[in-house]
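Before any comments, here is the structure.
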Amino acid sequence: MSYRPPRDLDEQARQARAKLTAHRGMATWGEKLVPLGDFRKAAAGSGLALSPAEREAAALSLTAGLDDPTPVEGPWSRVAVFGGVYNNHFALLELLEDATRRGAEAIYCLGDLGGFGPNPERVRPLLVEGGVLAIQGNYEESLAAGREDCNCGYTDPRDNHFAEISYGYTERSCSPEFKAWMGALPRRRRVRIGSRELLLIHGSPRRINEFLFQSTSPVPFLEVLLDQNRCDGILATHTGLQWHRRLPSGRDVVNVGVIGRPANDGNTHVWYAMLEARDEELGVELVPLPYDHLGLAAEMRTEGLPEEFVETILTGWWTTCLEILPARERAASRF
Amino acid sequence: MHPNATPLPVAPRVELKSLDTLWFQVGGTVCNLACTHCFVSCSPTNHTHEVLSLAEVARYLDEAARLGVREYYFTGGEPFLNPEMEAILAATLAVGPATVLTNGLLLDPARCARLKTLADASDYSLDFRVSLDGWDAASNDPIRGAGTFEKILAGIRNLYQAGLNPVITVTEVCEGAATDSGKERFFALLRSMAIERPRLKILPVFRIGAEADRGGAYESWQRLREGEMPEGGLDHLQCSSCRMVTDQGVWVCPILVNEPEAKMGETLADTLGAFPLEHPACWTCHVYGVSCRT
């Protein structure tokens, strides 16, 4: 097969392209043209040629288990796990009641207490009185360290604009005591449910702000992540979208979603996870949680938060922070 | 070397922290365009690397799964010149998410409909990046070829209408593209095509390959030196978490495929060690914080 690029009208471009399309048995080695055979011979002789045993060892070095001194809590038979409060004290109040009603023995929070919603200080008493066992998200890490931004990992200027507004608001409205409390939270917890040991982290076990979306967290990747962290399951949040994947090894990865804003599906409720010890497997239930979203919207307006945020609460569709969505999750999105 | 010449500085070495991203030079260096800024000098006559077969890709997918690879990227050359490209995507989407970097010229409505079917059949994301180097034919065509602006826009439109909203990739050969007003000009162009949420990625140029002729090669001071590296380490470099497969083996990254010294081995396991950042293109990745990932 041969292809011919279109003719150039511009003389300089024509000359450049004439040179580019005159390989005729030659290869490009850096900027030089050399006989194809010379390039291939040099490439064939380059790099490591490991023995089968050395290859096995190299592969193991990438997937081997890591030591983790985090103490194991529990064992519990039934726990509730949630993430991403985003100052939504309305949903947090509802969650504490709902989880208790469902018989949760312990309630865990995976971080990102602030941002997006109104009046961050209203969250803390609920967490304390509800006995919530929390870990740090990137929001707590940033607030406690006095960072200038939330370290959410956005690159789109529009997403960053709104991320700056919500971080700035939370930063100004949070007391130093609350920030210090956040800074004292652990980065990870290990929890036993029945016979299974689960690792609780914010983004991923590797990075506090790594996104574990369902469509970009393939099974082989998750299996290796579980091997490295020597656990039977991983519970994460940070993306804002809930999902559960039972792996071929029988282990589980759950993104518990967030209670701070709806899941970009046109519904106004939010999500958390109930986990239960069962004989054969880990019981995982993703729980939809309706709450007083009209009350939240009214309070956001009183606080002068962007109308774009209020729209999300009222419609169930995200209007900001869409850049982070992978193609599949984006295709299901309205904006 | 002349006895009085200054010896080359010792380059820092970057460890592979995890193999997250596996690239395939699936179109080889063969392309239906001959862009004057192409850092791999791809063209209709460049067979430095040949297209990869489905069987070759499948062998690496197997090894990649054992190593916990998270995502797969396909580039060339032009990937859709590979007659097995759609079968390769189907095989890949069975094990993980895939992104294709294309020039957009071979994306007719029928192919886009088939690609959408592939995307819908997978649990994982299928994403596209289409290269464009100007806001209009006058700015784009001298770089990518006469008449390409309209054809690229047609490819973008076909993808979008099939329900596959691509990322538009622009290099800084397009002057001002990286500024806020430059980005806004691209967003406006895409919105004028009824793309409501346009996606854009701006990349710096690598002064190698055809671009060395067009815009000038690297200067001698543009090298990374051991001891001058940031305290935060080298995790921002793509080569700390990626490798690139071509028909001739596994290279350290997608940029250096025309350097035989950057080939690290025949299998992925051969390539899990450290790599010295000796090439001047490594300077661009570090200074500009470039990642070829979306």
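Chain lettering (A, B, ...) mirrors the order of the structure tokens, residue numbering begins at 1 for each chain separately, and ligand numbering begins at 1 in order of display.
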- Message: With only C-alpha atoms considered, list every residue of chain B at most 7 Å from chain A, as a PyMOL selection string.
- Response: chain B and resi 18+32-34+36+41+43-48+65-70+95-97+123-127+142+145-146+197+208-209+258-261+263-265+269-270+272
- Message: as a list of chain:residue names, please: the residues near Asn138 in chain A (cut-off 9 Å, only C-alpha atoms, same-chain neighbours under 5 positions excluded).
- Response: A:Gly111, A:Asp112, A:Leu143, A:Cys150, A:Asn151, A:Cys152, A:His202, A:Gly203, A:Ile208, A:Asn209, A:His238
Grab the residues selected above and save them as a PDB file, in the first residue's frame with C-alpha atoms.
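Once written, out-v7.pdb looks like this:
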ATOM      1  CA  GLY A 111     -12.307  12.257  53.374  1.00  0.00           C
ATOM      2  CA  ASP A 112     -12.979  15.437  51.374  1.00  0.00           C
ATOM      3  CA  LEU A 143      -6.410  22.766  54.360  1.00  0.00           C
ATOM      4  CA  CYS A 150      -7.305  21.786  46.835  1.00  0.00           C
ATOM      5  CA  ASN A 151      -4.882  19.614  44.825  1.00  0.00           C
ATOM      6  CA  CYS A 152      -7.875  18.048  43.111  1.00  0.00           C
ATOM      7  CA  HIS A 202      -9.161   8.409  49.784  1.00  0.00           C
ATOM      8  CA  GLY A 203      -8.077   8.295  46.099  1.00  0.00           C
ATOM      9  CA  ILE A 208      -4.329  10.614  47.725  1.00  0.00           C
ATOM     10  CA  ASN A 209      -5.632  12.288  44.536  1.00  0.00           C
ATOM     11  CA  HIS A 238     -12.489  11.010  45.342  1.00  0.00           C
TER      12      HIS A 238
END
- Backbone DSSP call of helix (DSSP H, G or I) for range 41-153 of chain A, listed as a ChimeraX atom specification: /A:41-44,52-63,89-101,120-129,138-145
Could you take the residues named above and write them with C-alpha atoms, as a CSV table (one decimal), in the first residue's frame?
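Wrote out08.csv, looks like this:
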chain,number,residue,atom,x,y,z
A,41,LYS,CA,20.5,-4.0,13.7
A,42,ALA,CA,21.2,-1.3,16.2
A,43,ALA,CA,17.8,-1.7,17.7
A,44,ALA,CA,18.1,-5.5,17.9
A,52,PRO,CA,13.7,-16.2,32.1
A,53,ALA,CA,14.5,-16.2,35.8
A,54,GLU,CA,15.6,-12.6,35.7
A,55,ARG,CA,12.4,-11.7,33.9
A,56,GLU,CA,10.3,-13.4,36.5
A,57,ALA,CA,12.2,-11.5,39.2
A,58,ALA,CA,11.7,-8.2,37.4
A,59,ALA,CA,8.0,-8.7,37.1
A,60,LEU,CA,7.7,-9.7,40.8
A,61,SER,CA,9.5,-6.5,41.9
A,62,LEU,CA,6.7,-4.5,40.3
A,63,THR,CA,3.8,-6.5,41.9
A,89,HIS,CA,-24.3,18.8,56.4
A,90,PHE,CA,-27.9,18.1,55.3
A,91,ALA,CA,-26.8,14.8,53.7
A,92,LEU,CA,-24.4,13.9,56.5
A,93,LEU,CA,-27.3,14.2,59.1
A,94,GLU,CA,-29.4,11.9,56.9
A,95,LEU,CA,-26.6,9.5,56.5
A,96,LEU,CA,-26.0,9.1,60.2
A,97,GLU,CA,-29.6,8.3,60.8
A,98,ASP,CA,-29.9,6.0,57.8
A,99,ALA,CA,-26.7,4.0,58.7
A,100,THR,CA,-27.8,3.6,62.3
A,101,ARG,CA,-31.3,2.4,61.1
A,120,PRO,CA,-18.1,23.8,56.8
A,121,GLU,CA,-18.2,24.2,60.6
A,122,ARG,CA,-21.6,22.5,60.6
A,123,VAL,CA,-20.0,19.3,59.5
A,124,ARG,CA,-17.6,18.8,62.5
A,125,PRO,CA,-20.1,18.4,65.3
A,126,LEU,CA,-22.0,15.8,63.3
A,127,LEU,CA,-18.9,13.8,62.7
A,128,VAL,CA,-17.9,14.0,66.3
A,129,GLU,CA,-21.3,13.2,67.8
A,138,ASN,CA,-6.8,15.8,49.5
A,139,TYR,CA,-9.0,18.6,50.9
A,140,GLU,CA,-8.1,17.9,54.5
A,141,GLU,CA,-4.4,17.5,53.5
A,142,SER,CA,-4.5,20.8,51.7
A,143,LEU,CA,-6.4,22.8,54.4
A,144,ALA,CA,-4.3,21.4,57.2
A,145,ALA,CA,-1.1,22.2,55.3
- How would you write, as a PyMOL selection string, the set of residues in range 63-215 of chain B that DSSP gives as strand (DSSP E or B)? chain B and resi 71-75+98-102+126-131+167-171+199-203
Restricting it to N, CA and C atoms, dump the selection as a compact mmCIF listing (two decimals), in the first residue's frame.
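As written to disk, part25.txt reads:
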# COMPACT_ATOMS: atom_id res chain seq x y z
N GLU B 71 -3.75 1.31 31.57
CA GLU B 71 -4.36 1.91 30.37
C GLU B 71 -3.45 1.72 29.17
N TYR B 72 -4.08 1.74 27.97
CA TYR B 72 -3.36 1.49 26.73
C TYR B 72 -3.55 2.65 25.77
N TYR B 73 -2.46 3.04 25.10
CA TYR B 73 -2.51 4.13 24.12
C TYR B 73 -1.98 3.61 22.79
N PHE B 74 -2.61 4.09 21.71
CA PHE B 74 -2.22 3.66 20.36
C PHE B 74 -1.86 4.87 19.53
N THR B 75 -0.68 4.79 18.86
CA THR B 75 -0.25 5.89 18.03
C THR B 75 0.51 5.34 16.83
N ALA B 98 -8.70 2.22 26.47
CA ALA B 98 -7.82 2.49 25.33
C ALA B 98 -8.02 3.91 24.82
N THR B 99 -6.93 4.52 24.37
CA THR B 99 -6.98 5.83 23.73
C THR B 99 -6.21 5.75 22.41
N VAL B 100 -6.81 6.31 21.35
CA VAL B 100 -6.16 6.29 20.03
C VAL B 100 -5.80 7.72 19.64
N LEU B 101 -4.55 7.92 19.23
CA LEU B 101 -4.09 9.21 18.71
C LEU B 101 -4.11 9.13 17.19
N THR B 102 -4.94 9.96 16.56
CA THR B 102 -5.13 9.84 15.12
C THR B 102 -5.09 11.22 14.46
N LEU B 126 -13.15 4.02 25.84
CA LEU B 126 -12.43 4.17 24.57
C LEU B 126 -12.43 5.65 24.25
N ASP B 127 -11.24 6.22 24.13
CA ASP B 127 -11.13 7.66 23.91
C ASP B 127 -10.27 7.93 22.68
N PHE B 128 -10.46 9.13 22.09
CA PHE B 128 -9.73 9.49 20.88
C PHE B 128 -9.08 10.85 21.06
N ARG B 129 -7.92 11.00 20.41
CA ARG B 129 -7.27 12.31 20.31
C ARG B 129 -7.02 12.59 18.84
N VAL B 130 -7.48 13.73 18.36
CA VAL B 130 -7.29 14.11 16.97
C VAL B 130 -6.35 15.32 16.92
N SER B 131 -5.32 15.22 16.08
CA SER B 131 -4.33 16.30 15.97
C SER B 131 -4.79 17.37 15.01
N VAL B 167 -10.62 14.41 22.16
CA VAL B 167 -9.75 15.50 22.62
C VAL B 167 -9.01 16.03 21.39
N ILE B 168 -9.00 17.34 21.20
CA ILE B 168 -8.25 17.93 20.10
C ILE B 168 -6.85 18.26 20.61
N THR B 169 -5.83 17.72 19.95
CA THR B 169 -4.46 17.94 20.40
C THR B 169 -3.78 18.94 19.47
N VAL B 170 -3.24 19.99 20.07
CA VAL B 170 -2.59 21.05 19.31
C VAL B 170 -1.17 21.20 19.83
N THR B 171 -0.20 21.29 18.93
CA THR B 171 1.17 21.53 19.39
C THR B 171 1.45 23.02 19.36
N ARG B 199 -12.96 19.51 24.10
CA ARG B 199 -11.82 19.04 24.90
C ARG B 199 -10.54 19.38 24.13
N LEU B 200 -9.54 19.86 24.85
CA LEU B 200 -8.35 20.39 24.19
C LEU B 200 -7.11 20.01 24.99
N LYS B 201 -6.04 19.62 24.29
CA LYS B 201 -4.75 19.39 24.95
C LYS B 201 -3.67 20.07 24.12
N ILE B 202 -2.88 20.90 24.78
CA ILE B 202 -1.80 21.59 24.09
C ILE B 202 -0.47 20.91 24.44
N LEU B 203 0.34 20.62 23.45
CA LEU B 203 1.62 19.96 23.69
C LEU B 203 2.77 20.83 23.19
- Near range 223-228 of chain B, counting only C-alpha atoms, which residues have an atom at most 10 Å away, once you skip same-chain residues fewer than 3 positions from it, shown as a PyMOL selection string? chain B and resi 8-13+218-220+231+276-284+286-287
